[in-house]
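*Asks:* Quick one: the structure is below, questions incoming.
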Amino acid sequence: MLDVRQLTTQLGDQDFHWEFKLAAGDLMAIVGASGLGKSTLLNVLCGLLPATAGEVRWQGRDVLDQPLHRRPFGILFQSHNLFEHLSVEVNLALGIHPSGRLHEADRERVLTAARRFDIANLLDRTPDRLSGGQQQRAALARVFLQRKPVLLLDEPFSSLDPALRQEGLNWVRDMQAEQGSTVLLVTHHLDEMLPVTDQVLLGLTSEQWLSLSTDEFERQRAQGAFQSLLGIDTDASY
Ligand SMILES: Nc1ncnc2c1ncn2[C@@H]1O[C@H](COP(=O)(O)OP(=O)(O)OP(=O)(O)O)[C@@H](O)[C@H]1O
């Protein structure tokens with residue numbers, strides 16, 4: 001269980017406040033208007049931004065006092081996940097060891113992950129010679145190798161076309177199935193996500209977030225709720 005209690009931070013003169021629980025192995029979509037703090041939440045969880053108050057418990061243990069590398073989170077951004085001057089192979093190796101230098105057994109793991117994400121023929125290339133979809137697959141493969149139990153995905157497929165977005169989502173689903181990953185995913189394409197989403201975290205303001213099961217969210221939306229909040233976010237025409 002990921003248990004976020006009265007988690008608070010401040011950026012400039014804007015206050016943020018989040019509170020929700022997410023069962024281990026579940027997928028939560030994070031939605032809401034631009035600027036409410038969806039990315040900020042992920043950044044505070046993984047330690048890229050400091051919390052000013054509150055608790056984040058994973059499997060009962062508070063993680064906010066832990067250094068970044070010990071936290072249970074693997075993070076994936078919309079772009080710039082890979083080191084541009086390093087080969088895909090070394091980028092993946094960094095998921096296993098911070099130096100990127102590997103023993104033979106680790107090398108085998110990198111190759112297995114590369115095959116898994118269908119990029120085994122691209123290991124020698126630098127990221128600038130990969131398509132957008134291939135770059136995100138390589139970045140996912142690195143997160144896969146990190147074996148972190150909770151994945152924080154910040155619009156990881158937004159820059160891709162709908163078919164590749166669906167493919168990216170399928171890779172995430174596979175990771176969930178194979179590693180039991182718990183997933184928090186910021187999206188502007190909620191309707192694409194809902195079939196695989198267990199829970200929705202909907203920003204009303206930066207200090208007020210609604211946490212609903214997907215069934216409850218759909219029930220309330222069918223009755224006309226959330227329209228002004230979601231606006232074009234749920235529009236299927238992109
Ligand atoms: N490091 C920072 N320092 C100061 N302000 C920041 C920082 N990061 C984000 N902000 C501000 O915090 C607010 C929330 O930003 P955030 O990126 O979390 O929003 P978001 O909900 O993810 O928006 P979007 O959907 O546009 O990506 C914005 O007003 C943004 O300008």
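Labels for the structure tokens follow display order: chains A, B, ..., residues from 1 in each chain, ligands from 1.
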What do you get as a JSON list (two decimals) with N, CA and C atoms, in the first residue's frame if you pick all residues at most 10 Å from ligand 1, counting only C-alpha atoms and all ligand atoms?
*Replies:*
[["chain", "number", "residue", "atom", "x", "y", "z"],
["A", 10, "GLN", "N", 5.42, 23.66, -1.12],
["A", 10, "GLN", "CA", 5.17, 25.03, -1.57],
["A", 10, "GLN", "C", 6.18, 25.36, -2.65],
["A", 11, "LEU", "N", 5.69, 25.91, -3.76],
["A", 11, "LEU", "CA", 6.59, 26.38, -4.80],
["A", 11, "LEU", "C", 6.21, 27.83, -5.08],
["A", 12, "GLY", "N", 7.12, 28.76, -4.89],
["A", 12, "GLY", "CA", 6.76, 30.18, -5.00],
["A", 12, "GLY", "C", 5.66, 30.47, -3.99],
["A", 13, "ASP", "N", 4.56, 31.08, -4.46],
["A", 13, "ASP", "CA", 3.47, 31.36, -3.52],
["A", 13, "ASP", "C", 2.33, 30.35, -3.66],
["A", 14, "GLN", "N", 2.59, 29.20, -4.34],
["A", 14, "GLN", "CA", 1.54, 28.19, -4.53],
["A", 14, "GLN", "C", 1.73, 27.03, -3.54],
["A", 15, "ASP", "N", 0.64, 26.71, -2.83],
["A", 15, "ASP", "CA", 0.68, 25.58, -1.90],
["A", 15, "ASP", "C", 0.07, 24.34, -2.55],
["A", 16, "PHE", "N", 0.65, 23.19, -2.22],
["A", 16, "PHE", "CA", 0.16, 21.91, -2.75],
["A", 16, "PHE", "C", -0.11, 20.99, -1.57],
["A", 30, "ILE", "N", -3.41, 10.13, -12.82],
["A", 30, "ILE", "CA", -3.44, 11.45, -12.18],
["A", 30, "ILE", "C", -3.83, 12.46, -13.24],
["A", 31, "VAL", "N", -4.95, 13.14, -13.01],
["A", 31, "VAL", "CA", -5.47, 14.07, -14.02],
["A", 31, "VAL", "C", -5.85, 15.39, -13.37],
["A", 32, "GLY", "N", -5.98, 16.40, -14.21],
["A", 32, "GLY", "CA", -6.40, 17.71, -13.72],
["A", 32, "GLY", "C", -5.81, 18.78, -14.61],
["A", 33, "ALA", "N", -6.27, 19.99, -14.40],
["A", 33, "ALA", "CA", -5.85, 21.11, -15.25],
["A", 33, "ALA", "C", -4.35, 21.36, -15.16],
["A", 34, "SER", "N", -3.85, 22.00, -16.18],
["A", 34, "SER", "CA", -2.43, 22.33, -16.23],
["A", 34, "SER", "C", -2.04, 23.23, -15.05],
["A", 35, "GLY", "N", -0.92, 22.91, -14.44],
["A", 35, "GLY", "CA", -0.40, 23.75, -13.37],
["A", 35, "GLY", "C", -0.90, 23.41, -11.98],
["A", 36, "LEU", "N", -1.74, 22.37, -11.85],
["A", 36, "LEU", "CA", -2.28, 22.04, -10.51],
["A", 36, "LEU", "C", -1.27, 21.31, -9.63],
["A", 37, "GLY", "N", -0.28, 20.66, -10.27],
["A", 37, "GLY", "CA", 0.73, 20.00, -9.45],
["A", 37, "GLY", "C", 0.83, 18.50, -9.66],
["A", 38, "LYS", "N", 0.47, 18.03, -10.84],
["A", 38, "LYS", "CA", 0.57, 16.59, -11.12],
["A", 38, "LYS", "C", 2.04, 16.17, -11.15],
["A", 39, "SER", "N", 2.85, 16.90, -11.93],
["A", 39, "SER", "CA", 4.28, 16.57, -11.98],
["A", 39, "SER", "C", 4.94, 16.84, -10.63],
["A", 40, "THR", "N", 4.49, 17.90, -9.97],
["A", 40, "THR", "CA", 5.07, 18.25, -8.67],
["A", 40, "THR", "C", 4.88, 17.10, -7.68],
["A", 41, "LEU", "N", 3.70, 16.47, -7.70],
["A", 41, "LEU", "CA", 3.48, 15.32, -6.81],
["A", 41, "LEU", "C", 4.53, 14.23, -7.05],
["A", 42, "LEU", "N", 4.73, 13.87, -8.32],
["A", 42, "LEU", "CA", 5.71, 12.81, -8.60],
["A", 42, "LEU", "C", 7.11, 13.23, -8.16],
["A", 43, "ASN", "N", 7.43, 14.50, -8.39],
["A", 43, "ASN", "CA", 8.77, 14.99, -8.02],
["A", 43, "ASN", "C", 8.97, 15.00, -6.51],
["A", 44, "VAL", "N", 7.91, 15.31, -5.75],
["A", 44, "VAL", "CA", 8.03, 15.29, -4.29],
["A", 44, "VAL", "C", 8.15, 13.84, -3.81],
["A", 48, "LEU", "N", 12.87, 14.67, -5.84],
["A", 48, "LEU", "CA", 13.47, 15.74, -6.65],
["A", 48, "LEU", "C", 13.05, 17.11, -6.13],
["A", 49, "LEU", "N", 11.90, 17.16, -5.44],
["A", 49, "LEU", "CA", 11.46, 18.38, -4.75],
["A", 49, "LEU", "C", 11.20, 18.01, -3.29],
["A", 78, "GLN", "N", 8.32, 12.68, -19.64],
["A", 78, "GLN", "CA", 7.81, 12.71, -21.01],
["A", 78, "GLN", "C", 8.93, 12.56, -22.03],
["A", 154, "ASP", "N", 5.39, 10.25, -15.76],
["A", 154, "ASP", "CA", 4.91, 11.61, -15.98],
["A", 154, "ASP", "C", 4.66, 11.83, -17.48],
["A", 155, "GLU", "N", 3.46, 11.55, -17.90],
["A", 155, "GLU", "CA", 3.08, 11.65, -19.32],
["A", 155, "GLU", "C", 4.13, 11.00, -20.24],
["A", 186, "VAL", "N", 0.65, 10.18, -14.77],
["A", 186, "VAL", "CA", 0.04, 11.47, -15.13],
["A", 186, "VAL", "C", -0.36, 11.39, -16.59],
["A", 187, "THR", "N", -1.60, 11.78, -16.88],
["A", 187, "THR", "CA", -2.03, 11.68, -18.27],
["A", 187, "THR", "C", -2.97, 12.81, -18.65],
["A", 188, "HIS", "N", -2.91, 13.20, -19.92],
["A", 188, "HIS", "CA", -3.92, 14.08, -20.50],
["A", 188, "HIS", "C", -4.83, 13.28, -21.43],
["A", 203, "GLY", "N", -7.30, 16.44, -9.72],
["A", 203, "GLY", "CA", -6.99, 17.72, -9.07],
["A", 203, "GLY", "C", -8.15, 18.68, -9.22],
["A", 205, "THR", "N", -8.08, 21.68, -7.06],
["A", 205, "THR", "CA", -7.15, 22.80, -6.94],
["A", 205, "THR", "C", -5.81, 22.17, -6.55],
["A", 206, "SER", "N", -4.76, 22.97, -6.45],
["A", 206, "SER", "CA", -3.48, 22.39, -6.07],
["A", 206, "SER", "C", -3.49, 21.85, -4.65],
["A", 233, "ASP", "N", -9.25, 17.40, -21.50],
["A", 233, "ASP", "CA", -8.40, 16.27, -21.11],
["A", 233, "ASP", "C", -8.99, 14.93, -21.49]]
*Asks:* Would you list the contacts of Pro149 of chain A as a short mmCIF file (atom, residue, chain, number, x, y, z; two decimals) with C-alpha atoms, in the first residue's frame, taking every protein, DNA or RNA residue within 12 Å and counting only C-alpha atoms, but skipping same-chain residues closer than 4 positions in sequence?
*Replies:*
data_model
loop_
_atom_site.label_atom_id
_atom_site.label_comp_id
_atom_site.auth_asym_id
_atom_site.auth_seq_id
_atom_site.Cartn_x
_atom_site.Cartn_y
_atom_site.Cartn_z
CA MET A 1 0.00 0.00 0.00
CA LEU A 2 1.17 3.49 -0.86
CA ALA A 23 -3.11 -0.57 -3.14
CA ALA A 24 0.10 -2.34 -4.17
CA GLY A 25 -0.08 -3.53 -7.78
CA ASP A 26 -2.77 -1.00 -8.75
CA TRP A 58 5.17 2.45 1.33
CA GLN A 59 4.30 -0.95 2.84
CA ARG A 70 16.67 4.14 -1.52
CA ARG A 71 13.10 5.23 -2.18
CA PRO A 72 10.82 2.66 -3.81
CA PHE A 73 10.21 4.84 -6.86
CA GLY A 74 11.33 4.58 -10.46
CA ILE A 75 10.49 7.67 -12.50
CA VAL A 143 13.18 1.42 -15.14
CA PHE A 144 12.39 -2.31 -15.53
CA LEU A 145 16.02 -3.14 -14.68
CA MET A 175 5.70 -4.67 -16.16
CA GLN A 176 2.79 -4.62 -13.75
CA ALA A 177 2.07 -8.26 -14.49
CA GLU A 178 5.70 -9.41 -14.32
CA GLN A 179 7.06 -7.30 -11.47
CA GLY A 180 3.84 -6.53 -9.61
CA SER A 181 4.56 -2.83 -10.12
CA THR A 182 2.35 -0.19 -8.57
CA VAL A 183 1.91 2.64 -11.06
CA LEU A 184 1.11 6.36 -10.79
#
*Asks:* Among the residues of segment 67-221 of chain A, find those DSSP assigns to helix (DSSP H, G or I) from the backbone and print them as JSON, numbers by chain.
*Replies:* {"A": [68, 69, 70, 88, 89, 90, 91, 92, 93, 104, 105, 106, 107, 108, 109, 110, 111, 112, 113, 114, 115, 116, 120, 121, 122, 127, 128, 129, 132, 133, 134, 135, 136, 137, 138, 139, 140, 141, 142, 143, 144, 145, 146, 162, 163, 164, 165, 166, 167, 168, 169, 170, 171, 172, 173, 174, 175, 176, 177, 178, 179, 190, 191, 192, 193, 194, 195, 196, 214, 215, 216, 217, 218, 219, 220, 221]}
*Asks:* Just the strand (DSSP E or B) stuff from segment 41-172 of chain A, please, per backbone DSSP, written as a ChimeraX atom specification.
*Replies:* /A:53-58,61-62,73-76,150-154
*Asks:* Go ahead and write the selection's residues with C-alpha atoms as a short mmCIF file (atom, residue, chain, number, x, y, z; two decimals), in the first residue's frame.
*Replies:*
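Generated file (again_35.cif):
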data_model
loop_
_atom_site.label_atom_id
_atom_site.label_comp_id
_atom_site.auth_asym_id
_atom_site.auth_seq_id
_atom_site.Cartn_x
_atom_site.Cartn_y
_atom_site.Cartn_z
CA ALA A 53 5.04 18.38 5.73
CA GLY A 54 3.25 15.05 5.69
CA GLU A 55 4.07 11.41 5.30
CA VAL A 56 4.53 8.99 2.45
CA ARG A 57 4.36 5.38 3.55
CA TRP A 58 5.17 2.45 1.33
CA ARG A 61 7.43 2.53 6.14
CA ASP A 62 7.85 6.29 5.82
CA PHE A 73 10.21 4.84 -6.86
CA GLY A 74 11.33 4.58 -10.46
CA ILE A 75 10.49 7.67 -12.50
CA LEU A 76 9.92 8.24 -16.19
CA VAL A 150 6.44 1.86 -7.62
CA LEU A 151 6.60 3.49 -11.06
CA LEU A 152 6.05 7.24 -11.37
CA LEU A 153 5.23 7.95 -15.00
CA ASP A 154 4.91 11.61 -15.98
#
*Asks:* Measuring atom to atom with only C-alpha atoms, identify which of A:Ala51, A:Val90, A:Leu202, A:Leu230 is nearest to Asp106 of chain A.
*Replies:*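 Nearest candidate to Asp106 of chain A out of A:Ala51, A:Val90, A:Leu202, A:Leu230: A:Val90.
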*Asks:* Using atom CA of Ser131 of chain A and atom CA of Ile96 of chain A as the two end points, give the distance in Å to one decimal.
*Replies:* 23.8 Å
*Asks:* Taking 5 positions as the minimum chain separation for residues in the same chain, which residues sit within 10 Å of Asn81 of chain A when counting only C-alpha atoms? Answer as a PDB file with C-alpha atoms, in the first residue's frame.
*Replies:*
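out_2.pdb, written as the output of this step:
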ATOM      1  CA  ILE A  75      10.493   7.674 -12.503  1.00  0.00           C
ATOM      2  CA  LEU A  76       9.922   8.244 -16.188  1.00  0.00           C
ATOM      3  CA  ASN A  91      21.853   3.780 -20.450  1.00  0.00           C
ATOM      4  CA  PRO A 127      19.518   8.010 -28.126  1.00  0.00           C
ATOM      5  CA  GLN A 135      13.610   6.136 -26.727  1.00  0.00           C
ATOM      6  CA  GLN A 136      10.667   5.637 -24.366  1.00  0.00           C
ATOM      7  CA  ALA A 138      14.674   2.133 -23.757  1.00  0.00           C
ATOM      8  CA  ALA A 139      13.775   4.364 -20.807  1.00  0.00           C
ATOM      9  CA  LEU A 140      11.125   1.851 -19.695  1.00  0.00           C
ATOM     10  CA  ARG A 142      15.990   0.921 -17.672  1.00  0.00           C
ATOM     11  CA  PRO A 156       5.635   9.178 -20.668  1.00  0.00           C
TER      12      PRO A 156
END
*Asks:* Could you name the residues that touch segment 212-220 of chain A at 10 Å or less, counting only C-alpha atoms, but leaving out those on the same chain fewer than 4 positions away, as an mmCIF file with N, CA and C atoms, in the first residue's frame?
*Replies:*
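Ended up saving to part.cif:
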data_model
loop_
_atom_site.group_PDB
_atom_site.id
_atom_site.type_symbol
_atom_site.label_atom_id
_atom_site.label_comp_id
_atom_site.auth_asym_id
_atom_site.auth_seq_id
_atom_site.Cartn_x
_atom_site.Cartn_y
_atom_site.Cartn_z
ATOM 1 N N PHE A 20 -3.950 10.443 -0.374
ATOM 2 C CA PHE A 20 -4.601 9.301 -1.041
ATOM 3 C C PHE A 20 -3.910 8.013 -0.622
ATOM 4 N N LYS A 21 -4.600 6.912 -0.879
ATOM 5 C CA LYS A 21 -4.029 5.581 -0.674
ATOM 6 C C LYS A 21 -4.132 4.829 -1.994
ATOM 7 N N LEU A 22 -3.125 4.025 -2.280
ATOM 8 C CA LEU A 22 -3.160 3.213 -3.500
ATOM 9 C C LEU A 22 -2.665 1.811 -3.154
ATOM 10 N N MET A 28 -2.879 4.028 -10.857
ATOM 11 C CA MET A 28 -3.654 5.241 -10.616
ATOM 12 C C MET A 28 -3.338 6.270 -11.699
ATOM 13 N N ALA A 29 -4.391 6.801 -12.343
ATOM 14 C CA ALA A 29 -4.218 7.890 -13.302
ATOM 15 C C ALA A 29 -4.332 9.211 -12.544
ATOM 16 N N LEU A 194 -8.499 4.692 -18.968
ATOM 17 C CA LEU A 194 -9.491 4.187 -18.007
ATOM 18 C C LEU A 194 -9.669 2.669 -18.007
ATOM 19 N N PRO A 195 -9.616 2.004 -19.189
ATOM 20 C CA PRO A 195 -9.801 0.552 -19.152
ATOM 21 C C PRO A 195 -8.771 -0.183 -18.288
ATOM 22 N N VAL A 196 -7.618 0.416 -18.075
ATOM 23 C CA VAL A 196 -6.577 -0.279 -17.294
ATOM 24 C C VAL A 196 -6.309 0.422 -15.956
ATOM 25 N N THR A 197 -7.151 1.388 -15.623
ATOM 26 C CA THR A 197 -6.924 2.190 -14.421
ATOM 27 C C THR A 197 -7.768 1.684 -13.260
ATOM 28 N N ASP A 198 -7.152 1.541 -12.081
ATOM 29 C CA ASP A 198 -7.899 1.116 -10.900
ATOM 30 C C ASP A 198 -8.432 2.303 -10.117
ATOM 31 N N GLN A 199 -7.720 3.418 -10.219
ATOM 32 C CA GLN A 199 -8.037 4.558 -9.370
ATOM 33 C C GLN A 199 -7.710 5.839 -10.132
ATOM 34 N N VAL A 200 -8.452 6.905 -9.806
ATOM 35 C CA VAL A 200 -8.214 8.201 -10.451
ATOM 36 C C VAL A 200 -7.953 9.235 -9.356
ATOM 37 N N LEU A 201 -6.871 9.992 -9.525
ATOM 38 C CA LEU A 201 -6.611 11.127 -8.635
ATOM 39 C C LEU A 201 -6.846 12.386 -9.456
ATOM 40 N N LEU A 202 -7.875 13.124 -9.065
ATOM 41 C CA LEU A 202 -8.331 14.257 -9.868
ATOM 42 C C LEU A 202 -8.071 15.555 -9.102
ATOM 43 N N GLY A 224 -22.610 13.470 -15.068
ATOM 44 C CA GLY A 224 -22.298 14.852 -15.443
ATOM 45 C C GLY A 224 -21.248 15.531 -14.586
ATOM 46 N N ALA A 225 -20.668 14.801 -13.639
ATOM 47 C CA ALA A 225 -19.661 15.425 -12.778
ATOM 48 C C ALA A 225 -18.346 15.615 -13.536
ATOM 49 N N PHE A 226 -17.524 16.496 -13.047
ATOM 50 C CA PHE A 226 -16.125 16.691 -13.480
ATOM 51 C C PHE A 226 -15.959 17.354 -14.851
#
*Asks:* Choose the residue, out of A:Arg173, A:Ser158, A:Asp128, A:His69, that has the smallest atom-to-atom separation from Phe83 of chain A; count only C-alpha atoms.
*Replies:* A:Asp128
